[in-house]
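Source file: upload_17.tsv; contents: TSV, N, CA, C and O atoms and all ligand atoms.
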chain	number	residue	atom	x	y	z
J	1	MET	N	19.12	2.31	10.91
J	1	MET	CA	18.42	1.46	11.89
J	1	MET	C	16.91	1.51	11.67
J	1	MET	O	16.25	0.49	11.61
J	2	LEU	N	16.39	2.72	11.52
J	2	LEU	CA	14.96	2.89	11.27
J	2	LEU	C	14.56	2.24	9.96
J	2	LEU	O	13.52	1.62	9.85
J	3	LYS	N	15.44	2.38	8.96
J	3	LYS	CA	15.18	1.84	7.64
J	3	LYS	C	15.11	0.31	7.73
J	3	LYS	O	14.25	-0.32	7.13
J	4	LEU	N	16.03	-0.23	8.49
J	4	LEU	CA	16.08	-1.68	8.67
J	4	LEU	C	14.81	-2.17	9.35
J	4	LEU	O	14.24	-3.19	9.00
J	5	PHE	N	14.36	-1.41	10.32
J	5	PHE	CA	13.15	-1.74	11.05
J	5	PHE	C	11.95	-1.71	10.10
J	5	PHE	O	11.09	-2.57	10.15
J	6	GLY	N	11.95	-0.73	9.18
J	6	GLY	CA	10.89	-0.62	8.20
J	6	GLY	C	10.85	-1.83	7.30
J	6	GLY	O	9.79	-2.36	6.98
J	7	ARG	N	12.03	-2.26	6.86
J	7	ARG	CA	12.11	-3.44	5.98
J	7	ARG	C	11.61	-4.68	6.70
J	7	ARG	O	10.97	-5.53	6.10
J	8	LEU	N	11.88	-4.73	7.97
J	8	LEU	CA	11.43	-5.86	8.77
J	8	LEU	C	9.89	-5.88	8.81
J	8	LEU	O	9.27	-6.93	8.67
J	9	LEU	N	9.30	-4.70	8.96
J	9	LEU	CA	7.83	-4.60	8.98
J	9	LEU	C	7.26	-5.05	7.64
J	9	LEU	O	6.23	-5.73	7.59
J	10	CYS	N	7.95	-4.69	6.54
J	10	CYS	CA	7.51	-5.10	5.20
J	10	CYS	C	7.54	-6.62	5.09
J	10	CYS	O	6.61	-7.22	4.54
J	11	ILE	N	8.59	-7.22	5.59
J	11	ILE	CA	8.72	-8.68	5.53
J	11	ILE	C	7.56	-9.33	6.29
J	11	ILE	O	7.04	-10.37	5.90
J	12	LEU	N	7.14	-8.67	7.36
J	12	LEU	CA	6.03	-9.18	8.16
J	12	LEU	C	4.66	-8.85	7.55
J	12	LEU	O	3.63	-9.24	8.06
J	13	GLY	N	4.69	-8.09	6.45
J	13	GLY	CA	3.45	-7.75	5.76
J	13	GLY	C	2.84	-6.44	6.21
J	13	GLY	O	1.73	-6.10	5.83
J	14	LEU	N	3.56	-5.68	7.04
J	14	LEU	CA	3.05	-4.39	7.53
J	14	LEU	C	3.68	-3.27	6.70
J	14	LEU	O	4.60	-2.59	7.13
J	15	HIS	N	3.16	-3.10	5.50
J	15	HIS	CA	3.71	-2.11	4.58
J	15	HIS	C	3.23	-0.70	4.91
J	15	HIS	O	2.20	-0.51	5.53
J	16	ASP	N	4.02	0.26	4.46
J	16	ASP	CA	3.69	1.67	4.66
J	16	ASP	C	3.04	2.19	3.37
J	16	ASP	O	3.67	2.85	2.57
J	17	PHE	N	1.77	1.86	3.19
J	17	PHE	CA	1.09	2.17	1.93
J	17	PHE	C	0.70	3.62	1.79
J	17	PHE	O	0.36	4.29	2.75
J	18	HIS	N	0.76	4.08	0.54
J	18	HIS	CA	0.17	5.37	0.19
J	18	HIS	C	-0.58	5.14	-1.12
J	18	HIS	O	-0.23	4.26	-1.90
J	19	VAL	N	-1.63	5.93	-1.33
J	19	VAL	CA	-2.48	5.74	-2.51
J	19	VAL	C	-1.83	6.34	-3.75
J	19	VAL	O	-1.42	7.49	-3.76
J	20	VAL	N	-1.71	5.53	-4.80
J	20	VAL	CA	-1.12	5.96	-6.06
J	20	VAL	C	-2.20	6.43	-7.00
J	20	VAL	O	-2.07	7.42	-7.71
J	21	GLU	N	-3.31	5.72	-7.00
J	21	GLU	CA	-4.36	5.95	-7.99
J	21	GLU	C	-5.68	5.41	-7.45
J	21	GLU	O	-5.70	4.37	-6.81
J	22	VAL	N	-6.75	6.16	-7.70
J	22	VAL	CA	-8.07	5.69	-7.28
J	22	VAL	C	-8.95	5.51	-8.50
J	22	VAL	O	-9.07	6.42	-9.31
J	23	THR	N	-9.51	4.34	-8.64
J	23	THR	CA	-10.41	4.06	-9.76
J	23	THR	C	-11.84	4.12	-9.23
J	23	THR	O	-12.22	3.34	-8.36
J	24	PHE	N	-12.60	5.10	-9.74
J	24	PHE	CA	-13.95	5.26	-9.26
J	24	PHE	C	-14.90	4.30	-9.96
J	24	PHE	O	-14.82	4.11	-11.17
J	25	SER	N	-15.74	3.70	-9.18
J	25	SER	CA	-16.70	2.75	-9.72
J	25	SER	C	-18.01	2.92	-8.96
J	25	SER	O	-18.01	3.04	-7.74
J	26	PHE	N	-19.08	2.95	-9.69
J	26	PHE	CA	-20.37	3.11	-9.04
J	26	PHE	C	-21.11	1.78	-8.95
J	26	PHE	O	-22.27	1.72	-8.63
J	27	GLY	N	-20.40	0.73	-9.24
J	27	GLY	CA	-20.99	-0.59	-9.18
J	27	GLY	C	-21.02	-1.15	-7.77
J	27	GLY	O	-20.78	-0.45	-6.79
J	28	VAL	N	-21.24	-2.42	-7.67
J	28	VAL	CA	-21.35	-3.10	-6.38
J	28	VAL	C	-20.00	-3.11	-5.63
J	28	VAL	O	-19.95	-2.99	-4.41
J	29	GLY	N	-18.92	-3.24	-6.40
J	29	GLY	CA	-17.59	-3.37	-5.80
J	29	GLY	C	-17.07	-2.12	-5.14
J	29	GLY	O	-16.22	-2.18	-4.26
J	30	GLY	N	-17.59	-0.95	-5.54
J	30	GLY	CA	-17.10	0.30	-4.98
J	30	GLY	C	-15.79	0.73	-5.60
J	30	GLY	O	-15.35	0.16	-6.59
J	31	ASN	N	-15.18	1.74	-5.00
J	31	ASN	CA	-13.93	2.27	-5.52
J	31	ASN	C	-12.77	1.33	-5.24
J	31	ASN	O	-12.74	0.67	-4.21
J	32	VAL	N	-11.81	1.34	-6.15
J	32	VAL	CA	-10.62	0.53	-5.96
J	32	VAL	C	-9.41	1.45	-5.96
J	32	VAL	O	-9.21	2.24	-6.88
J	33	SER	N	-8.63	1.38	-4.92
J	33	SER	CA	-7.41	2.18	-4.83
J	33	SER	C	-6.20	1.33	-5.13
J	33	SER	O	-6.09	0.20	-4.67
J	34	LYS	N	-5.29	1.91	-5.92
J	34	LYS	CA	-4.02	1.25	-6.16
J	34	LYS	C	-3.06	1.84	-5.12
J	34	LYS	O	-2.88	3.05	-5.05
J	35	ILE	N	-2.50	1.00	-4.30
J	35	ILE	CA	-1.63	1.46	-3.23
J	35	ILE	C	-0.23	0.88	-3.36
J	35	ILE	O	-0.06	-0.24	-3.84
J	36	GLU	N	0.74	1.69	-2.94
J	36	GLU	CA	2.14	1.29	-3.06
J	36	GLU	C	2.86	1.53	-1.74
J	36	GLU	O	2.61	2.52	-1.05
J	37	CYS	N	3.74	0.61	-1.40
J	37	CYS	CA	4.51	0.77	-0.18
J	37	CYS	C	5.65	1.75	-0.42
J	37	CYS	O	6.39	1.61	-1.39
J	38	ARG	N	5.78	2.73	0.45
J	38	ARG	CA	6.83	3.74	0.34
J	38	ARG	C	8.22	3.14	0.53
J	38	ARG	O	9.20	3.66	0.05
J	39	ARG	N	8.29	2.08	1.29
J	39	ARG	CA	9.59	1.51	1.62
J	39	ARG	C	10.11	0.52	0.59
J	39	ARG	O	11.25	0.62	0.14
J	40	CYS	N	9.27	-0.47	0.23
J	40	CYS	CA	9.78	-1.53	-0.64
J	40	CYS	C	9.20	-1.48	-2.05
J	40	CYS	O	9.65	-2.21	-2.92
J	41	GLY	N	8.20	-0.61	-2.27
J	41	GLY	CA	7.64	-0.48	-3.61
J	41	GLY	C	6.59	-1.52	-3.97
J	41	GLY	O	6.17	-1.61	-5.11
J	42	TYR	N	6.16	-2.29	-2.99
J	42	TYR	CA	5.13	-3.31	-3.21
J	42	TYR	C	3.82	-2.65	-3.59
J	42	TYR	O	3.36	-1.73	-2.92
J	43	VAL	N	3.23	-3.11	-4.68
J	43	VAL	CA	1.98	-2.52	-5.18
J	43	VAL	C	0.84	-3.52	-5.08
J	43	VAL	O	0.99	-4.69	-5.43
J	44	THR	N	-0.28	-3.05	-4.58
J	44	THR	CA	-1.47	-3.90	-4.49
J	44	THR	C	-2.70	-3.03	-4.63
J	44	THR	O	-2.59	-1.81	-4.82
J	45	THR	N	-3.86	-3.61	-4.55
J	45	THR	CA	-5.10	-2.83	-4.64
J	45	THR	C	-5.92	-3.01	-3.37
J	45	THR	O	-5.80	-4.01	-2.67
J	46	ARG	N	-6.72	-2.01	-3.11
J	46	ARG	CA	-7.56	-2.03	-1.92
J	46	ARG	C	-8.96	-1.55	-2.29
J	46	ARG	O	-9.12	-0.55	-3.00
J	47	HIS	N	-9.95	-2.25	-1.82
J	47	HIS	CA	-11.33	-1.84	-2.06
J	47	HIS	C	-11.76	-0.90	-0.94
J	47	HIS	O	-11.57	-1.20	0.23
J	48	GLU	N	-12.34	0.23	-1.34
J	48	GLU	CA	-12.76	1.21	-0.34
J	48	GLU	C	-14.12	0.84	0.24
J	48	GLU	O	-14.95	0.32	-0.44
V	101	ZN	ZN	6.68	-2.57	2.11
Translate this file's structure into structure tokens.
Ligand SMILES: [Zn+2]
Amino acid sequence: MLKLFGRLLCILGLHDFHVVEVTFSFGVGGNVSKIECRRCGYVTTRHE
């Protein structure tokens, strides 16, 4: 039931992200984190 609820949140775009990798940058853009959803495995990037 909880798992199903989690999948529903993913479908709505509310992923349970955790940081996989952080790319350090001293430029204007700042650091970029590679994040992955624990539930569905969706991977994206986030600017810190
Ligand atoms: Zn997800």
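Within the 6 Å cut-off around Lys34 of chain J, using all atoms listed in the file and omitting residues fewer than 4 positions from it on the same chain, the listed residues are His18, Val19, Val20, Glu21, Val22, Thr23, Thr44, Thr45 and Arg46 of chain J.
Minimum atom-to-atom distances from J:Glu48, J:Ser33, J:Phe17, J:Phe24 to ligand ZN 101 (chain V) were compared using only N, CA, C and O atoms and all ligand atoms, and the lowest value belongs to J:Phe17.
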Interatomic distance, atom N of Ile11 of chain J to atom C of Cys40 of chain J (Å, one decimal):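 Value for the atom N of Ile11 of chain J-atom C of Cys40 of chain J distance: 9.6 Å.
Distance-wise, atom N of Leu9 of chain J and atom C of Val43 of chain J end up 16.4 Å apart.
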Distance limit 8 Å, reference ligand ZN 101 (chain V), atoms considered: all atoms listed in the file. Which residues make the cut? Give them as a list in words.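 The neighbouring residues of ligand ZN 101 (chain V) are, in order, Gly6, Arg7, Leu9, Cys10, Ile11, Gly13, Leu14, His15, Asp16, Phe17, Glu36, Cys37, Arg38, Arg39, Cys40, Gly41, Tyr42 and Val43 of chain J.
You will find atom O of Gly29 of chain J at 29.0 Å from atom O of Leu8 of chain J.
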Residues of chain J in strand (DSSP E) according to DSSP, as a CSV table (one decimal) with N, CA, C and O atoms, in the coordinates of the input?
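Output below, filename states08.csv:
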chain,number,residue,atom,x,y,z
J,17,PHE,N,1.8,1.9,3.2
J,17,PHE,CA,1.1,2.2,1.9
J,17,PHE,C,0.7,3.6,1.8
J,17,PHE,O,0.4,4.3,2.8
J,18,HIS,N,0.8,4.1,0.5
J,18,HIS,CA,0.2,5.4,0.2
J,18,HIS,C,-0.6,5.1,-1.1
J,18,HIS,O,-0.2,4.3,-1.9
J,19,VAL,N,-1.6,5.9,-1.3
J,19,VAL,CA,-2.5,5.7,-2.5
J,19,VAL,C,-1.8,6.3,-3.8
J,19,VAL,O,-1.4,7.5,-3.8
J,20,VAL,N,-1.7,5.5,-4.8
J,20,VAL,CA,-1.1,6.0,-6.1
J,20,VAL,C,-2.2,6.4,-7.0
J,20,VAL,O,-2.1,7.4,-7.7
J,21,GLU,N,-3.3,5.7,-7.0
J,21,GLU,CA,-4.4,6.0,-8.0
J,21,GLU,C,-5.7,5.4,-7.4
J,21,GLU,O,-5.7,4.4,-6.8
J,22,VAL,N,-6.8,6.2,-7.7
J,22,VAL,CA,-8.1,5.7,-7.3
J,22,VAL,C,-9.0,5.5,-8.5
J,22,VAL,O,-9.1,6.4,-9.3
J,23,THR,N,-9.5,4.3,-8.6
J,23,THR,CA,-10.4,4.1,-9.8
J,23,THR,C,-11.8,4.1,-9.2
J,23,THR,O,-12.2,3.3,-8.4
J,32,VAL,N,-11.8,1.3,-6.2
J,32,VAL,CA,-10.6,0.5,-6.0
J,32,VAL,C,-9.4,1.4,-6.0
J,32,VAL,O,-9.2,2.2,-6.9
J,33,SER,N,-8.6,1.4,-4.9
J,33,SER,CA,-7.4,2.2,-4.8
J,33,SER,C,-6.2,1.3,-5.1
J,33,SER,O,-6.1,0.2,-4.7
J,34,LYS,N,-5.3,1.9,-5.9
J,34,LYS,CA,-4.0,1.2,-6.2
J,34,LYS,C,-3.1,1.8,-5.1
J,34,LYS,O,-2.9,3.0,-5.0
J,35,ILE,N,-2.5,1.0,-4.3
J,35,ILE,CA,-1.6,1.5,-3.2
J,35,ILE,C,-0.2,0.9,-3.4
J,35,ILE,O,-0.1,-0.2,-3.8
J,36,GLU,N,0.7,1.7,-2.9
J,36,GLU,CA,2.1,1.3,-3.1
J,36,GLU,C,2.9,1.5,-1.7
J,36,GLU,O,2.6,2.5,-1.0
J,37,CYS,N,3.7,0.6,-1.4
J,37,CYS,CA,4.5,0.8,-0.2
J,37,CYS,C,5.6,1.8,-0.4
J,37,CYS,O,6.4,1.6,-1.4
J,43,VAL,N,3.2,-3.1,-4.7
J,43,VAL,CA,2.0,-2.5,-5.2
J,43,VAL,C,0.8,-3.5,-5.1
J,43,VAL,O,1.0,-4.7,-5.4
J,44,THR,N,-0.3,-3.0,-4.6
J,44,THR,CA,-1.5,-3.9,-4.5
J,44,THR,C,-2.7,-3.0,-4.6
J,44,THR,O,-2.6,-1.8,-4.8
J,45,THR,N,-3.9,-3.6,-4.6
J,45,THR,CA,-5.1,-2.8,-4.6
J,45,THR,C,-5.9,-3.0,-3.4
J,45,THR,O,-5.8,-4.0,-2.7
J,46,ARG,N,-6.7,-2.0,-3.1
J,46,ARG,CA,-7.6,-2.0,-1.9
J,46,ARG,C,-9.0,-1.6,-2.3
J,46,ARG,O,-9.1,-0.6,-3.0
J,47,HIS,N,-10.0,-2.2,-1.8
J,47,HIS,CA,-11.3,-1.8,-2.1
J,47,HIS,C,-11.8,-0.9,-0.9
J,47,HIS,O,-11.6,-1.2,0.2
Can you list, as a ChimeraX atom specification, every residue of chain J that DSSP puts in alpha helix (DSSP H)? /J:2-11
Please, what is the axis-aligned box for every listed atom of segment 14-20 of chain J with 5 Å on each side, as centre and edge lengths in Å to one decimal, as AutoDock Vina command-line options?
--center_x 1.1 --center_y 0.9 --center_z -0.1 --size_x 17.1 --size_y 23.2 --size_z 25.2
With all heavy atoms as the goal, would you fill in the gaps in segment 7-18 of chain J and present it as a PDB file, keeping the file's coordinate frame?
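Result went into result.pdb, see below:
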ATOM      1  N   ARG J   7      12.030  -2.260   6.860  1.00  0.00           N
ATOM      2  CA  ARG J   7      12.110  -3.440   5.980  1.00  0.00           C
ATOM      3  C   ARG J   7      11.610  -4.680   6.700  1.00  0.00           C
ATOM      4  O   ARG J   7      10.970  -5.530   6.100  1.00  0.00           O
ATOM      5  CB  ARG J   7      13.564  -3.661   5.522  1.00  0.00           C
ATOM      6  CG  ARG J   7      14.100  -2.552   4.649  1.00  0.00           C
ATOM      7  CD  ARG J   7      13.368  -2.407   3.342  1.00  0.00           C
ATOM      8  NE  ARG J   7      13.664  -3.467   2.405  1.00  0.00           N
ATOM      9  CZ  ARG J   7      13.517  -3.354   1.087  1.00  0.00           C
ATOM     10  NH1 ARG J   7      13.103  -2.213   0.574  1.00  0.00           N
ATOM     11  NH2 ARG J   7      13.767  -4.365   0.300  1.00  0.00           N
ATOM     12  N   LEU J   8      11.880  -4.730   7.970  1.00  0.00           N
ATOM     13  CA  LEU J   8      11.430  -5.860   8.770  1.00  0.00           C
ATOM     14  C   LEU J   8       9.890  -5.880   8.810  1.00  0.00           C
ATOM     15  O   LEU J   8       9.270  -6.930   8.670  1.00  0.00           O
ATOM     16  CB  LEU J   8      12.011  -5.754  10.189  1.00  0.00           C
ATOM     17  CG  LEU J   8      11.719  -6.938  11.114  1.00  0.00           C
ATOM     18  CD1 LEU J   8      12.446  -8.192  10.616  1.00  0.00           C
ATOM     19  CD2 LEU J   8      12.178  -6.638  12.529  1.00  0.00           C
ATOM     20  N   LEU J   9       9.300  -4.700   8.960  1.00  0.00           N
ATOM     21  CA  LEU J   9       7.830  -4.600   8.980  1.00  0.00           C
ATOM     22  C   LEU J   9       7.260  -5.050   7.640  1.00  0.00           C
ATOM     23  O   LEU J   9       6.230  -5.730   7.590  1.00  0.00           O
ATOM     24  CB  LEU J   9       7.396  -3.164   9.281  1.00  0.00           C
ATOM     25  CG  LEU J   9       7.640  -2.668  10.701  1.00  0.00           C
ATOM     26  CD1 LEU J   9       7.209  -1.210  10.814  1.00  0.00           C
ATOM     27  CD2 LEU J   9       6.892  -3.506  11.717  1.00  0.00           C
ATOM     28  N   CYS J  10       7.950  -4.690   6.540  1.00  0.00           N
ATOM     29  CA  CYS J  10       7.510  -5.100   5.200  1.00  0.00           C
ATOM     30  C   CYS J  10       7.540  -6.620   5.090  1.00  0.00           C
ATOM     31  O   CYS J  10       6.610  -7.220   4.540  1.00  0.00           O
ATOM     32  CB  CYS J  10       8.409  -4.487   4.134  1.00  0.00           C
ATOM     33  SG  CYS J  10       8.029  -2.766   3.806  1.00  0.00           S
ATOM     34  N   ILE J  11       8.590  -7.220   5.590  1.00  0.00           N
ATOM     35  CA  ILE J  11       8.720  -8.680   5.530  1.00  0.00           C
ATOM     36  C   ILE J  11       7.560  -9.330   6.290  1.00  0.00           C
ATOM     37  O   ILE J  11       7.040 -10.370   5.900  1.00  0.00           O
ATOM     38  CB  ILE J  11      10.095  -9.116   6.091  1.00  0.00           C
ATOM     39  CG1 ILE J  11      11.203  -8.657   5.144  1.00  0.00           C
ATOM     40  CG2 ILE J  11      10.156 -10.626   6.285  1.00  0.00           C
ATOM     41  CD1 ILE J  11      12.598  -8.684   5.744  1.00  0.00           C
ATOM     42  N   LEU J  12       7.140  -8.670   7.360  1.00  0.00           N
ATOM     43  CA  LEU J  12       6.030  -9.180   8.160  1.00  0.00           C
ATOM     44  C   LEU J  12       4.660  -8.850   7.550  1.00  0.00           C
ATOM     45  O   LEU J  12       3.630  -9.240   8.060  1.00  0.00           O
ATOM     46  CB  LEU J  12       6.111  -8.595   9.583  1.00  0.00           C
ATOM     47  CG  LEU J  12       7.319  -9.032  10.420  1.00  0.00           C
ATOM     48  CD1 LEU J  12       7.401  -8.209  11.687  1.00  0.00           C
ATOM     49  CD2 LEU J  12       7.237 -10.511  10.751  1.00  0.00           C
ATOM     50  N   GLY J  13       4.690  -8.090   6.450  1.00  0.00           N
ATOM     51  CA  GLY J  13       3.450  -7.750   5.760  1.00  0.00           C
ATOM     52  C   GLY J  13       2.840  -6.440   6.210  1.00  0.00           C
ATOM     53  O   GLY J  13       1.730  -6.100   5.830  1.00  0.00           O
ATOM     54  N   LEU J  14       3.560  -5.680   7.040  1.00  0.00           N
ATOM     55  CA  LEU J  14       3.050  -4.390   7.530  1.00  0.00           C
ATOM     56  C   LEU J  14       3.680  -3.270   6.700  1.00  0.00           C
ATOM     57  O   LEU J  14       4.600  -2.590   7.130  1.00  0.00           O
ATOM     58  CB  LEU J  14       3.387  -4.217   9.017  1.00  0.00           C
ATOM     59  CG  LEU J  14       2.788  -5.279   9.955  1.00  0.00           C
ATOM     60  CD1 LEU J  14       3.436  -5.188  11.318  1.00  0.00           C
ATOM     61  CD2 LEU J  14       1.282  -5.111  10.076  1.00  0.00           C
ATOM     62  N   HIS J  15       3.160  -3.100   5.500  1.00  0.00           N
ATOM     63  CA  HIS J  15       3.710  -2.110   4.580  1.00  0.00           C
ATOM     64  C   HIS J  15       3.230  -0.700   4.910  1.00  0.00           C
ATOM     65  O   HIS J  15       2.200  -0.510   5.530  1.00  0.00           O
ATOM     66  CB  HIS J  15       3.314  -2.467   3.145  1.00  0.00           C
ATOM     67  CG  HIS J  15       3.866  -3.782   2.687  1.00  0.00           C
ATOM     68  ND1 HIS J  15       5.161  -3.941   2.273  1.00  0.00           N
ATOM     69  CD2 HIS J  15       3.286  -5.008   2.615  1.00  0.00           C
ATOM     70  CE1 HIS J  15       5.354  -5.215   1.942  1.00  0.00           C
ATOM     71  NE2 HIS J  15       4.235  -5.888   2.151  1.00  0.00           N
ATOM     72  N   ASP J  16       4.020   0.260   4.460  1.00  0.00           N
ATOM     73  CA  ASP J  16       3.690   1.670   4.660  1.00  0.00           C
ATOM     74  C   ASP J  16       3.040   2.190   3.370  1.00  0.00           C
ATOM     75  O   ASP J  16       3.670   2.850   2.570  1.00  0.00           O
ATOM     76  CB  ASP J  16       4.981   2.439   4.982  1.00  0.00           C
ATOM     77  CG  ASP J  16       4.709   3.905   5.251  1.00  0.00           C
ATOM     78  OD1 ASP J  16       3.573   4.258   5.580  1.00  0.00           O
ATOM     79  OD2 ASP J  16       5.659   4.705   5.141  1.00  0.00           O
ATOM     80  N   PHE J  17       1.770   1.860   3.190  1.00  0.00           N
ATOM     81  CA  PHE J  17       1.090   2.170   1.930  1.00  0.00           C
ATOM     82  C   PHE J  17       0.700   3.620   1.790  1.00  0.00           C
ATOM     83  O   PHE J  17       0.360   4.290   2.750  1.00  0.00           O
ATOM     84  CB  PHE J  17      -0.185   1.332   1.821  1.00  0.00           C
ATOM     85  CG  PHE J  17       0.079  -0.136   1.550  1.00  0.00           C
ATOM     86  CD1 PHE J  17      -0.422  -1.096   2.402  1.00  0.00           C
ATOM     87  CD2 PHE J  17       0.802  -0.523   0.442  1.00  0.00           C
ATOM     88  CE1 PHE J  17      -0.208  -2.443   2.141  1.00  0.00           C
ATOM     89  CE2 PHE J  17       1.024  -1.864   0.178  1.00  0.00           C
ATOM     90  CZ  PHE J  17       0.515  -2.827   1.028  1.00  0.00           C
ATOM     91  N   HIS J  18       0.760   4.080   0.540  1.00  0.00           N
ATOM     92  CA  HIS J  18       0.170   5.370   0.190  1.00  0.00           C
ATOM     93  C   HIS J  18      -0.580   5.140  -1.120  1.00  0.00           C
ATOM     94  O   HIS J  18      -0.230   4.260  -1.900  1.00  0.00           O
ATOM     95  CB  HIS J  18       1.227   6.470   0.077  1.00  0.00           C
ATOM     96  CG  HIS J  18       2.146   6.338  -1.095  1.00  0.00           C
ATOM     97  ND1 HIS J  18       2.158   7.242  -2.128  1.00  0.00           N
ATOM     98  CD2 HIS J  18       3.087   5.404  -1.385  1.00  0.00           C
ATOM     99  CE1 HIS J  18       3.079   6.869  -3.011  1.00  0.00           C
ATOM    100  NE2 HIS J  18       3.663   5.762  -2.598  1.00  0.00           N
TER     101      HIS J  18
END
